[in-house]
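This is coords16.cif (mmCIF, C-alpha atoms).
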```
data_upload
#
loop_
_atom_site.label_atom_id
_atom_site.label_comp_id
_atom_site.auth_asym_id
_atom_site.auth_seq_id
_atom_site.Cartn_x
_atom_site.Cartn_y
_atom_site.Cartn_z
CA MET K 160 0.00 0.00 0.00
CA LEU K 161 1.18 3.55 -0.76
CA TRP K 162 0.99 6.75 1.26
CA GLU K 163 -0.58 8.43 -1.79
CA GLN K 164 -3.65 6.18 -1.58
CA GLN K 165 -6.11 8.44 0.18
CA ILE K 166 -8.18 6.76 2.90
CA ARG K 167 -11.82 7.83 3.06
CA TYR K 168 -13.45 6.68 6.26
CA ALA K 169 -16.43 7.22 8.53
CA VAL K 170 -17.10 6.26 12.15
CA LEU K 171 -20.45 5.89 13.89
CA SER K 172 -21.30 4.55 17.35
CA ASP K 173 -24.90 4.32 18.54
CA VAL K 174 -26.38 3.29 21.88
CA GLY K 175 -29.10 1.21 20.18
CA PHE K 176 -32.75 1.02 21.17
CA ARG K 177 -32.55 -1.08 24.34
CA ARG K 178 -29.43 0.08 26.21
CA GLN K 179 -29.15 3.02 28.57
CA ASN K 180 -25.45 3.69 27.95
CA ASN K 181 -22.95 2.99 25.20
CA GLN K 182 -20.24 0.53 26.23
CA ASP K 183 -18.65 0.53 22.77
CA ALA K 184 -15.66 2.72 21.97
CA CYS K 185 -13.66 3.37 18.83
CA VAL K 186 -10.79 5.47 17.56
CA VAL K 187 -9.07 6.26 14.25
CA HIS K 188 -5.46 7.48 14.06
CA LEU K 189 -4.32 8.52 10.57
CA SER K 190 -0.66 9.29 9.99
CA PRO K 191 -0.27 13.04 9.43
CA ASP K 192 2.67 12.80 7.02
CA GLN K 193 4.54 10.34 4.83
CA ALA K 194 7.42 9.82 7.26
CA THR K 195 5.03 8.78 10.05
CA TRP K 196 3.11 6.63 7.59
CA GLN K 197 6.24 4.72 6.62
CA GLN K 198 6.84 3.86 10.29
CA ARG K 199 3.33 3.41 11.65
CA GLY K 200 0.56 3.51 9.01
CA HIS K 201 -3.12 4.22 9.76
CA LEU K 202 -4.70 2.61 12.84
CA PHE K 203 -8.39 1.78 13.43
CA VAL K 204 -9.75 0.34 16.70
CA VAL K 205 -13.19 -0.88 17.85
CA ALA K 206 -13.86 -2.15 21.40
CA ASP K 207 -17.08 -3.56 22.88
CA GLY K 208 -17.08 -3.36 26.68
CA MET K 209 -18.62 -5.93 28.99
CA GLY K 210 -19.84 -5.49 32.55
CA GLY K 211 -22.67 -3.91 34.51
CA HIS K 212 -23.22 -0.20 34.94
CA ALA K 213 -20.20 1.78 33.68
CA VAL K 214 -17.70 -1.09 33.97
CA GLY K 215 -17.78 -2.13 30.30
CA GLU K 216 -17.70 1.48 29.22
CA LEU K 217 -14.53 2.03 31.26
CA ALA K 218 -12.85 -1.10 29.87
CA SER K 219 -13.47 -0.16 26.22
CA LYS K 220 -12.27 3.40 26.84
CA ILE K 221 -9.03 2.17 28.38
CA ALA K 222 -8.50 -0.05 25.31
CA VAL K 223 -8.95 2.71 22.71
CA ASP K 224 -6.79 5.09 24.76
CA THR K 225 -3.96 2.65 25.45
CA ILE K 226 -3.53 0.96 22.07
CA PRO K 227 -2.76 4.02 19.87
CA HIS K 228 -0.53 5.56 22.57
CA THR K 229 1.48 2.36 23.05
CA PHE K 230 1.65 1.57 19.34
CA ASP K 231 3.12 4.97 18.56
CA LYS K 232 5.92 4.45 21.07
CA LEU K 233 6.99 0.99 19.84
CA ARG K 234 8.78 2.18 16.73
CA ASN K 235 11.64 -0.27 17.23
CA LEU K 236 9.29 -3.20 16.53
CA SER K 237 7.75 -4.34 13.28
CA PRO K 238 4.16 -3.12 12.73
CA ALA K 239 2.70 -6.57 13.46
CA ASP K 240 4.72 -7.03 16.66
CA ALA K 241 3.96 -3.48 17.79
CA LEU K 242 0.24 -4.05 17.24
CA ARG K 243 0.29 -7.26 19.27
CA ALA K 244 2.25 -5.60 22.09
CA SER K 245 -0.16 -2.65 22.12
CA VAL K 246 -3.21 -4.88 22.55
CA GLU K 247 -1.40 -6.79 25.29
CA ALA K 248 -0.62 -3.48 27.00
CA ALA K 249 -4.32 -2.58 26.89
CA ASN K 250 -5.14 -5.91 28.51
CA ALA K 251 -2.65 -5.25 31.30
CA ALA K 252 -4.04 -1.74 31.89
CA ILE K 253 -7.65 -2.99 32.10
CA TYR K 254 -6.67 -5.90 34.37
CA GLU K 255 -4.75 -3.59 36.70
CA ARG K 256 -7.65 -1.16 36.91
CA GLY K 257 -10.03 -4.03 37.62
CA MET K 258 -7.90 -5.30 40.50
CA GLN K 259 -7.94 -1.87 42.17
CA ASN K 260 -11.69 -1.87 42.74
CA PRO K 261 -13.90 -4.87 43.66
CA ASP K 262 -16.74 -3.39 41.57
CA PHE K 263 -14.50 -3.47 38.50
CA HIS K 264 -13.16 -6.98 39.03
CA ARG K 265 -13.04 -9.04 35.80
CA MET K 266 -14.32 -6.19 33.68
CA GLY K 267 -13.49 -6.71 30.04
CA THR K 268 -13.84 -5.68 26.44
CA THR K 269 -13.45 -7.09 22.98
CA CYS K 270 -10.87 -5.39 20.80
CA THR K 271 -10.48 -5.38 17.03
CA THR K 272 -7.72 -3.37 15.37
CA LEU K 273 -6.81 -2.77 11.74
CA LEU K 274 -3.49 -1.34 10.61
CA LEU K 275 -3.10 -0.09 7.02
CA CYS K 276 0.62 0.37 6.44
CA PRO K 277 3.26 0.02 3.70
CA GLN K 278 3.35 -3.75 4.25
CA GLY K 279 -0.43 -4.03 3.73
CA ALA K 280 -3.35 -4.71 6.09
CA ILE K 281 -2.66 -6.19 9.54
CA VAL K 282 -5.41 -7.26 11.95
CA GLY K 283 -4.96 -7.58 15.73
CA HIS K 284 -7.93 -9.17 17.40
CA VAL K 285 -9.44 -10.42 20.68
CA GLY K 286 -13.17 -11.22 21.12
CA ASP K 287 -16.11 -11.29 18.73
CA SER K 288 -16.01 -7.85 17.16
CA ARG K 289 -15.07 -8.22 13.52
CA VAL K 290 -12.97 -6.96 10.61
CA TYR K 291 -14.24 -7.43 7.05
CA ARG K 292 -12.70 -6.64 3.68
CA ILE K 293 -14.82 -6.00 0.59
CA ARG K 294 -13.14 -6.46 -2.77
CA HIS K 295 -14.65 -7.01 -6.23
CA ARG K 296 -18.16 -7.42 -4.76
CA GLN K 297 -17.04 -10.09 -2.33
CA ILE K 298 -16.88 -9.69 1.45
CA ASP K 299 -14.29 -11.61 3.47
CA GLN K 300 -14.17 -11.87 7.26
CA LEU K 301 -10.54 -11.33 8.23
CA SER K 302 -10.92 -11.94 11.98
CA CYS K 303 -11.94 -15.04 13.91
CA ASP K 304 -14.76 -14.86 16.46
CA HIS K 305 -13.46 -15.87 19.89
CA SER K 306 -16.84 -17.21 20.88
CA LEU K 307 -18.40 -20.46 22.06
CA VAL K 308 -20.17 -20.86 18.73
CA TRP K 309 -16.97 -20.65 16.70
CA GLU K 310 -15.02 -22.88 19.10
CA LEU K 311 -17.61 -25.63 18.83
CA ILE K 312 -17.50 -25.34 15.04
CA GLU K 313 -13.70 -25.54 15.07
CA GLN K 314 -13.85 -28.64 17.26
CA ARG K 315 -16.44 -30.12 14.85
CA LYS K 316 -18.94 -30.58 17.66
CA VAL K 317 -21.69 -28.74 15.79
CA HIS K 318 -22.34 -27.96 12.13
CA PRO K 319 -22.05 -24.27 11.15
CA ARG K 320 -25.67 -24.12 9.96
CA ASP K 321 -26.91 -25.35 13.37
CA ALA K 322 -24.42 -23.59 15.65
CA GLU K 323 -26.26 -20.34 16.34
CA ARG K 324 -29.50 -22.22 16.92
CA LEU K 325 -27.97 -24.65 19.41
CA CYS K 326 -25.46 -22.38 21.19
CA PRO K 327 -25.78 -18.96 22.85
CA ARG K 328 -24.20 -16.58 20.37
CA ASN K 329 -23.20 -13.94 22.95
CA VAL K 330 -20.78 -16.15 24.94
CA ILE K 331 -17.21 -15.10 24.14
CA THR K 332 -14.16 -17.13 25.11
CA ARG K 333 -11.48 -14.43 25.02
CA SER K 334 -11.44 -10.75 25.95
CA LEU K 335 -9.19 -7.99 27.29
CA GLY K 336 -9.17 -7.41 31.05
CA PRO K 337 -10.40 -10.44 33.01
CA ASP K 338 -6.97 -12.10 33.15
CA ALA K 339 -3.41 -10.83 33.52
CA THR K 340 -2.40 -12.17 30.09
CA VAL K 341 -4.28 -12.67 26.84
CA GLN K 342 -3.64 -14.36 23.52
CA VAL K 343 -3.88 -11.86 20.65
CA ASP K 344 -4.55 -13.08 17.11
CA VAL K 345 -2.52 -11.14 14.54
CA GLU K 346 -3.39 -11.68 10.87
CA GLY K 347 -1.42 -10.42 7.88
CA PRO K 348 -0.01 -8.41 6.35
CA THR K 349 -2.16 -8.91 3.27
CA PRO K 350 -2.06 -6.67 0.17
CA VAL K 351 -4.32 -3.63 -0.03
CA PHE K 352 -5.64 -2.88 -3.52
CA PRO K 353 -7.26 0.34 -4.76
CA GLY K 354 -10.96 0.28 -3.94
CA ASP K 355 -10.67 -2.18 -1.05
CA VAL K 356 -13.20 -1.42 1.69
CA PHE K 357 -12.61 -2.42 5.31
CA VAL K 358 -15.33 -2.65 7.95
CA LEU K 359 -14.71 -2.88 11.70
CA CYS K 360 -17.79 -3.44 13.83
CA SER K 361 -19.10 -4.60 17.18
CA ASP K 362 -21.54 -7.50 17.40
CA GLY K 363 -24.40 -5.02 17.69
CA LEU K 364 -24.08 -4.75 13.91
CA CYS K 365 -22.94 -8.17 12.69
CA GLY K 366 -25.40 -9.88 15.03
CA LEU K 367 -28.32 -8.31 13.15
CA LEU K 368 -27.04 -7.96 9.57
CA ASN K 369 -25.48 -10.88 7.73
CA ASP K 370 -22.18 -10.68 5.89
CA SER K 371 -23.76 -10.16 2.47
CA GLU K 372 -25.89 -7.26 3.70
CA ILE K 373 -22.88 -5.57 5.29
CA GLY K 374 -20.90 -6.12 2.09
CA MET K 375 -23.60 -4.74 -0.21
CA ILE K 376 -24.03 -1.57 1.85
CA ALA K 377 -20.38 -0.83 2.67
CA GLY K 378 -19.21 -1.84 -0.79
CA GLU K 379 -21.57 0.45 -2.72
CA LEU K 380 -22.23 3.48 -0.50
CA PRO K 381 -19.73 6.19 0.43
CA PRO K 382 -18.34 5.51 3.94
CA THR K 383 -20.47 8.16 5.69
CA ASP K 384 -23.70 6.99 4.04
CA ALA K 385 -22.77 3.35 4.63
CA THR K 386 -22.22 3.76 8.38
CA ARG K 387 -25.57 5.54 8.78
CA LEU K 388 -27.54 2.93 6.84
CA LEU K 389 -25.86 0.05 8.67
CA VAL K 390 -26.72 1.56 12.04
CA ASN K 391 -30.24 2.50 10.94
CA LEU K 392 -31.01 -1.04 9.78
CA SER K 393 -29.60 -2.52 12.99
CA ASN K 394 -31.85 -0.27 15.04
CA LEU K 395 -34.89 -1.02 12.90
CA ARG K 396 -34.27 -4.72 13.50
CA GLY K 397 -34.54 -4.17 17.22
CA GLY K 398 -31.30 -2.44 18.21
CA PRO K 399 -30.80 -4.70 21.27
CA ASP K 400 -27.13 -3.76 21.69
CA ASN K 401 -24.76 -0.88 21.15
CA ILE K 402 -23.75 -0.54 17.50
CA THR K 403 -20.34 0.67 16.37
CA VAL K 404 -18.98 0.61 12.83
CA ILE K 405 -15.97 2.01 10.99
CA VAL K 406 -15.91 1.94 7.18
CA ALA K 407 -12.61 2.76 5.44
CA ARG K 408 -12.05 2.77 1.67
CA ALA K 409 -8.59 2.69 0.06
CA GLY K 410 -8.23 5.19 -2.76
CA ASP K 411 -6.64 4.82 -6.18
CA VAL K 412 -2.90 5.05 -6.70
CA PRO K 413 -2.02 8.40 -8.35
CA ALA K 414 -0.19 8.14 -11.66
CA ASP K 415 2.85 9.98 -10.28
CA ALA K 416 3.11 7.88 -7.08
CA VAL K 417 6.49 6.28 -6.42
CA GLU K 418 6.65 2.89 -4.78
CA SER K 419 8.88 2.70 -1.71
CA ASP K 420 11.17 -0.15 -0.71
CA ASP K 421 8.55 -1.35 1.77
CA ASP K 422 5.77 -1.77 -0.78
CA ASP K 423 4.67 -5.23 -1.81
CA VAL K 424 6.75 -5.98 -4.92
CA THR K 425 7.67 -9.44 -6.08
CA PRO K 426 11.48 -9.67 -6.08
CA GLY K 427 13.18 -10.83 -9.26
CA SER K 428 10.21 -9.80 -11.38
CA GLY K 429 12.40 -9.47 -14.48
CA VAL K 430 14.06 -6.71 -16.41
CA THR K 431 12.06 -3.52 -16.44
CA GLY K 432 12.40 0.15 -17.28
CA TRP K 433 15.69 1.25 -18.83
CA TRP K 434 17.16 -2.24 -18.71
CA ALA K 435 14.29 -3.54 -20.81
CA PHE K 436 14.74 -0.69 -23.29
CA ALA K 437 18.49 -1.30 -23.57
CA LEU K 438 18.00 -5.02 -24.12
CA LEU K 439 15.36 -4.35 -26.77
CA CYS K 440 17.75 -2.00 -28.62
CA LEU K 441 20.56 -4.56 -28.48
CA LEU K 442 18.36 -7.33 -29.84
CA ALA K 443 17.08 -5.08 -32.62
CA ALA K 444 20.66 -4.15 -33.57
CA MET K 445 21.68 -7.82 -33.64
CA PHE K 446 18.73 -8.69 -35.85
CA LEU K 447 19.33 -5.83 -38.31
CA LEU K 448 23.06 -6.55 -38.49
CA GLY K 449 22.43 -10.22 -39.12
CA LEU K 450 19.81 -9.43 -41.75
CA GLY K 451 22.21 -7.03 -43.49
CA LEU K 452 25.03 -9.55 -43.55
CA PHE K 453 22.72 -12.31 -44.78
CA VAL K 454 21.31 -10.22 -47.65
CA LEU K 455 24.23 -8.04 -48.72
CA ASP K 456 27.35 -10.16 -48.14
CA PRO K 457 27.20 -13.71 -49.52
CA GLN K 458 30.42 -14.61 -47.67
CA GLN K 459 28.86 -13.67 -44.33
CA LYS K 460 25.51 -15.42 -44.76
CA ALA K 461 26.28 -17.97 -42.07
CA GLY K 462 27.30 -15.27 -39.59
CA GLY K 463 24.26 -13.16 -40.43
CA LEU K 464 21.95 -16.13 -39.98
CA GLY K 465 23.59 -16.85 -36.65
CA LEU K 466 22.91 -13.28 -35.43
CA ILE K 467 19.29 -13.49 -36.55
CA VAL K 468 18.75 -16.81 -34.77
CA ALA K 469 20.58 -15.62 -31.62
CA SER K 470 18.48 -12.45 -31.38
CA GLY K 471 15.30 -14.51 -31.82
CA VAL K 472 16.27 -17.06 -29.18
CA ILE K 473 17.21 -14.36 -26.68
CA SER K 474 13.93 -12.53 -27.34
CA VAL K 475 11.83 -15.65 -26.80
CA ALA K 476 13.77 -16.55 -23.63
CA TRP K 477 13.31 -13.05 -22.22
CA LEU K 478 9.58 -13.04 -22.95
CA LEU K 479 9.14 -16.43 -21.28
CA MET K 480 11.10 -15.23 -18.26
CA GLN K 481 8.84 -12.18 -17.97
CA ARG K 482 5.74 -14.34 -18.32
CA PHE K 483 6.63 -16.63 -15.44
CA LYS K 484 8.04 -13.93 -13.15
CA GLN K 485 5.16 -11.47 -13.40
CA PRO K 486 3.84 -10.57 -9.91
CA THR K 487 0.26 -11.67 -9.46
CA ALA K 488 -2.56 -10.42 -7.27
CA GLU K 489 -3.25 -12.17 -4.01
CA ALA K 490 -4.84 -15.50 -4.85
CA PRO K 491 -7.69 -16.64 -2.66
CA ARG K 492 -6.81 -19.58 -0.48
CA PRO K 493 -8.74 -22.75 -1.26
CA ARG K 494 -11.65 -23.66 0.91
CA PRO K 495 -11.18 -26.69 3.14
CA ARG K 496 -12.76 -29.89 1.86
CA ASP K 497 -14.58 -30.37 5.15
CA PRO K 498 -17.46 -27.84 5.15
CA VAL K 499 -17.66 -28.04 8.94
CA SER K 500 -14.31 -26.30 9.33
CA THR K 501 -14.74 -22.57 8.90
CA ILE K 502 -11.54 -21.28 10.47
CA ALA K 503 -8.86 -23.42 8.86
CA TRP K 504 -8.11 -20.87 6.15
CA ARG K 505 -7.99 -17.14 5.51
CA PRO K 506 -10.31 -15.36 5.11
CA TYR K 507 -12.44 -17.08 7.71
CA ARG K 508 -15.72 -16.59 5.84
CA THR K 509 -16.63 -15.28 2.42
CA ALA K 510 -19.93 -14.09 0.95
CA SER K 511 -21.17 -12.24 -2.09
CA ALA K 512 -21.38 -8.47 -1.78
CA LYS K 513 -23.15 -7.86 -5.09
CA VAL K 514 -26.33 -5.83 -4.58
CA THR K 515 -29.35 -8.00 -5.34
CA GLU K 516 -32.88 -7.11 -6.30
CA GLU K 517 -34.23 -9.23 -3.44
CA PHE K 518 -32.26 -7.29 -0.82
CA VAL K 519 -33.28 -3.88 -2.18
CA GLN K 520 -36.91 -5.00 -2.26
CA ARG K 521 -36.65 -5.96 1.42
CA ILE K 522 -35.24 -2.52 2.13
CA ALA K 523 -38.13 -0.98 0.18
CA ARG K 524 -40.69 -2.93 2.24
CA MET K 525 -39.07 -1.78 5.49
CA GLU K 526 -39.18 1.80 4.24
CA SER K 527 -42.84 1.49 3.30
CA GLU K 528 -43.78 0.20 6.77
CA LEU K 529 -41.76 2.91 8.48
CA GLN K 530 -43.28 5.64 6.30
CA ARG K 531 -46.79 4.43 7.11
CA VAL K 532 -46.06 4.60 10.86
CA ALA K 533 -44.58 8.09 10.42
CA VAL K 534 -47.77 9.29 8.74
CA ASP K 535 -50.09 7.58 11.24
CA GLU K 536 -48.18 8.96 14.23
CA GLY K 537 -47.62 12.43 12.77
CA TRP K 538 -43.84 12.40 13.01
CA ALA K 539 -41.98 15.60 12.20
CA ILE K 540 -40.41 14.59 8.88
CA GLU K 541 -39.04 16.84 6.14
CA TRP K 542 -41.59 15.49 3.71
CA LYS K 543 -40.42 17.49 0.68
CA GLN K 544 -36.92 16.10 1.02
CA TYR K 545 -38.40 12.68 1.64
CA GLU K 546 -40.48 12.79 -1.55
CA ALA K 547 -37.48 13.84 -3.63
CA ALA K 548 -35.27 11.05 -2.24
CA PHE K 549 -38.05 8.48 -2.53
CA ARG K 550 -38.66 9.34 -6.20
CA LEU K 551 -34.97 8.84 -6.95
CA ALA K 552 -35.03 5.45 -5.22
CA GLU K 553 -38.17 4.33 -7.09
CA ASP K 554 -36.76 5.51 -10.40
CA ALA K 555 -33.56 3.53 -9.83
CA MET K 556 -35.58 0.43 -8.99
CA GLN K 557 -37.64 0.76 -12.17
CA ARG K 558 -34.44 1.06 -14.20
CA ARG K 559 -33.07 -1.96 -12.31
CA LYS K 560 -30.14 0.05 -11.02
CA PHE K 561 -30.16 -1.74 -7.69
CA ALA K 562 -26.91 -0.29 -6.31
CA LYS K 563 -28.19 3.22 -7.05
CA ALA K 564 -31.55 2.38 -5.48
CA LEU K 565 -29.80 1.17 -2.32
CA CYS K 566 -27.92 4.47 -2.06
CA GLU K 567 -31.11 6.47 -2.45
CA TYR K 568 -33.02 4.37 0.08
CA GLY K 569 -30.20 5.14 2.49
CA HIS K 570 -31.07 8.85 2.19
CA VAL K 571 -34.76 8.05 2.67
CA PHE K 572 -34.02 6.17 5.90
CA ASP K 573 -31.90 9.08 7.15
CA LEU K 574 -34.96 11.33 6.95
CA LEU K 575 -37.39 8.84 8.49
CA MET K 576 -35.01 7.93 11.33
CA VAL K 577 -35.07 11.56 12.51
CA GLY K 578 -38.71 10.99 13.35
CA VAL K 579 -37.94 7.64 15.00
CA HIS K 580 -35.37 9.17 17.33
CA MET K 581 -37.61 12.13 18.18
CA GLN K 582 -40.43 9.72 19.00
CA ARG K 583 -38.16 7.62 21.23
CA LYS K 584 -36.98 10.70 23.12
CA GLN K 585 -40.57 11.73 23.71
CA MET K 586 -41.47 8.25 24.95
CA GLN K 587 -38.49 8.24 27.31
CA HIS K 588 -39.46 11.66 28.61
CA ASP K 589 -43.06 10.56 29.18
CA THR K 590 -41.92 7.40 30.96
CA ARG K 591 -39.52 9.32 33.20
CA TRP K 592 -42.25 11.73 34.29
CA GLY K 593 -44.95 9.08 34.58
CA LYS K 594 -46.96 10.16 31.58
CA GLY K 595 -48.77 7.61 29.47
CA SER K 596 -48.26 7.46 25.76
CA ASN K 597 -50.26 5.66 23.11
CA SER K 598 -47.53 6.11 20.52
CA ALA K 599 -45.05 3.42 19.68
CA VAL K 600 -42.21 3.00 17.28
CA LYS K 601 -43.27 0.00 15.25
CA THR K 602 -40.38 -1.89 13.71
CA LYS K 603 -40.35 -5.31 12.20
CA PRO K 604 -37.23 -7.50 12.05
CA GLN K 605 -36.33 -8.46 8.51
#
```
Can the structure from this file be put into structure tokens for me?
Amino acid sequence: MLWEQQIRYAVLSDVGFRRQNNQDACVVHLSPDQATWQQRGHLFVVADGMGGHAVGELASKIAVDTIPHTFDKLRNLSPADALRASVEAANAAIYERGMQNPDFHRMGTTCTTLLLCPQGAIVGHVGDSRVYRIRHRQIDQLSCDHSLVWELIEQRKVHPRDAERLCPRNVITRSLGPDATVQVDVEGPTPVFPGDVFVLCSDGLCGLLNDSEIGMIAGELPPTDATRLLVNLSNLRGGPDNITVIVARAGDVPADAVESDDDDVTPGSGVTGWWAFALLCLLAAMFLLGLGLFVLDPQQKAGGLGLIVASGVISVAWLLMQRFKQPTAEAPRPRPRDPVSTIAWRPYRTASAKVTEEFVQRIARMESELQRVAVDEGWAIEWKQYEAAFRLAEDAMQRRKFAKALCEYGHVFDLLMVGVHMQRKQMQHDTRWGKGSNSAVKTKPQ
């Protein structure tokens, strides 16, 4: 990856519809200049705290404060080693704080980190928050869930299709804070290509939207629009947990960008640049000289023919060498033969991220139900803006431009969700002061 590849990103953390406080935390640290980038890269962190009252909130805050600070100091280590050490330092800080107060004992948090640096993408991970990558309309899960469900699948005790039905999905087997030491999974580095989209999220998102839905939204919408629609859909499906999501998109490589020594280049990739030009000139000279001797000087026909043949052989050999030494894009690793094993390869899971008509139609039905409630309840909606956005969405659907329709429905939901949040605030106010209310926010899981 190159410094010149601009990173467009958006961050959104929401308390959800059923929690009183937000125990999620997140942070983004972009390198301010090329020199810092070469040493450290761009760092993204999501943490999902666990514990009653403010305990989980404190644990996640310690994680997002400690990791960037520690990572920036460990410049003598490789990026992967520094990332691992930083997460371990966060674990030690949370554990120490927990031991100081009996009320904080065994407090914890998940922690998912993504580093985009000259070597590529590196993931440091503990818990069940996730990192995804979307590339060429395919979404890959780059992190492994440290949960009871995934452990039972790995041990082949349950089949993946039955796991979430038979096992409690919210039981995690590894987190920062409860113990003095923790095992940190570090994945990568893997190449970062122009247009790659990375998603970091807490289980408040991936527990309600499947991988394909996350991939369709984050892969097609600009990062800011994508984060809003992802959070809106999670809330409309019940919002039982805090929801945090970071969407980061890698930009194109400018034409005048210069690759550094740290960039992913296949060594021995053949003769290039001026060397290739010089060799081409030499071969052309040999061929022309041989042709001239063969045609113009009967006594030198054998020598001329030899030059012609030699230049041809060298040309063919060079072309073959270039063909077999060309660097290739990262090839996907083969799936395991045993379909029960889902974590024996990287990425851990893969799904299509191509926008489908069926998904957009489901979004349209959700919008229709929400709009009807808004009218019935008299929500304060900017109806002129709504009508304009809705017409654009309908027009895209009629033209079968499903990606465009999804983008426009995202704007429609933005407007309707203003009314949802105002209604919820009014209901909370009425409940606090003992007032009855006949209104209700009607949402239907999809």
Practice problem: Tell me, as a ChimeraX atom specification, which residues lie within 12 Å of Gly578 in chain K, counting all atoms listed in the file; anything in the same chain fewer than 3 positions away does not count. | Solution: /K:529-530,532-534,536-542,545,571-575,581-585,599-600
Write the residues you've just listed into a file as a short mmCIF file (atom, residue, chain, number, x, y, z; two decimals), keeping the file's coordinate frame, and include C-alpha atoms for each of them.
```cif
data_model
loop_
_atom_site.label_atom_id
_atom_site.label_comp_id
_atom_site.auth_asym_id
_atom_site.auth_seq_id
_atom_site.Cartn_x
_atom_site.Cartn_y
_atom_site.Cartn_z
CA LEU K 529 -41.76 2.91 8.48
CA GLN K 530 -43.28 5.64 6.30
CA VAL K 532 -46.06 4.60 10.86
CA ALA K 533 -44.58 8.09 10.42
CA VAL K 534 -47.77 9.29 8.74
CA GLU K 536 -48.18 8.96 14.23
CA GLY K 537 -47.62 12.43 12.77
CA TRP K 538 -43.84 12.40 13.01
CA ALA K 539 -41.98 15.60 12.20
CA ILE K 540 -40.41 14.59 8.88
CA GLU K 541 -39.04 16.84 6.14
CA TRP K 542 -41.59 15.49 3.71
CA TYR K 545 -38.40 12.68 1.64
CA VAL K 571 -34.76 8.05 2.67
CA PHE K 572 -34.02 6.17 5.90
CA ASP K 573 -31.90 9.08 7.15
CA LEU K 574 -34.96 11.33 6.95
CA LEU K 575 -37.39 8.84 8.49
CA MET K 581 -37.61 12.13 18.18
CA GLN K 582 -40.43 9.72 19.00
CA ARG K 583 -38.16 7.62 21.23
CA LYS K 584 -36.98 10.70 23.12
CA GLN K 585 -40.57 11.73 23.71
CA ALA K 599 -45.05 3.42 19.68
CA VAL K 600 -42.21 3.00 17.28
#
```
Quiz prompt | Residue neighbourhood range 215-219 of chain K, 7 Å, only C-alpha atoms, exclusion window fewer than 3 positions, as a list in words | solution =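 So the residues in contact are Asn181, Gln182, Asp183, Ala184, Ala206, Asp207, Gly208, Met209, Gly210, Gly211, Ala222, Val223, Ile253, Met266, Gly267 and Thr268 of chain K.
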Practice problem: Any chance you could resolve the PyMOL selection byres ((chain K and resi 386-398) around 9) against this file and give the residues as JSON, numbers by chain? | Solution: {"K": [169, 170, 171, 172, 173, 174, 175, 176, 177, 178, 363, 364, 365, 366, 367, 368, 372, 373, 376, 377, 380, 381, 382, 383, 384, 385, 399, 400, 401, 402, 403, 404, 405, 406, 522, 525, 568, 569, 570, 572, 573, 576, 601, 602, 603, 604, 605]}
Quiz prompt | Output of the PyMOL selection byres ((chain K and resi 343) around 12), listed as a ChimeraX atom specification | solution = /K:239-250,269-272,282-286,302-303,305,333-335,340-342,344-346
Quiz item: Pick the closest to Asn260 in chain K from K:Leu359, K:Gly279, K:Val214, K:Ser474: which is it, counting only C-alpha atoms?
Solution: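 Of the candidates, the smallest distance to Asn260 in chain K is held by K:Val214.
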Find the spatial neighbours of range 456-470 of chain K, counting only C-alpha atoms, within a cut-off of 12 Å - ignore same-chain residues fewer than 5 positions away - and output them as an mmCIF file with C-alpha atoms, in the frame of the given file.
```
data_model
loop_
_atom_site.group_PDB
_atom_site.id
_atom_site.type_symbol
_atom_site.label_atom_id
_atom_site.label_comp_id
_atom_site.auth_asym_id
_atom_site.auth_seq_id
_atom_site.Cartn_x
_atom_site.Cartn_y
_atom_site.Cartn_z
ATOM 1 C CA LEU K 438 18.000 -5.020 -24.120
ATOM 2 C CA LEU K 439 15.360 -4.350 -26.770
ATOM 3 C CA CYS K 440 17.750 -2.000 -28.620
ATOM 4 C CA LEU K 441 20.560 -4.560 -28.480
ATOM 5 C CA LEU K 442 18.360 -7.330 -29.840
ATOM 6 C CA ALA K 443 17.080 -5.080 -32.620
ATOM 7 C CA ALA K 444 20.660 -4.150 -33.570
ATOM 8 C CA MET K 445 21.680 -7.820 -33.640
ATOM 9 C CA PHE K 446 18.730 -8.690 -35.850
ATOM 10 C CA LEU K 447 19.330 -5.830 -38.310
ATOM 11 C CA LEU K 448 23.060 -6.550 -38.490
ATOM 12 C CA GLY K 449 22.430 -10.220 -39.120
ATOM 13 C CA LEU K 450 19.810 -9.430 -41.750
ATOM 14 C CA GLY K 451 22.210 -7.030 -43.490
ATOM 15 C CA VAL K 475 11.830 -15.650 -26.800
ATOM 16 C CA ALA K 476 13.770 -16.550 -23.630
ATOM 17 C CA TRP K 477 13.310 -13.050 -22.220
#
```
Practice problem: Using all atoms listed in the file, determine which residues lie at most 10 Å from Thr515 in chain K, disregarding the query and same-chain residues fewer than 6 positions distant; provide the list as a PyMOL selection string. | Solution: chain K and resi 371-372+375+559-562+565
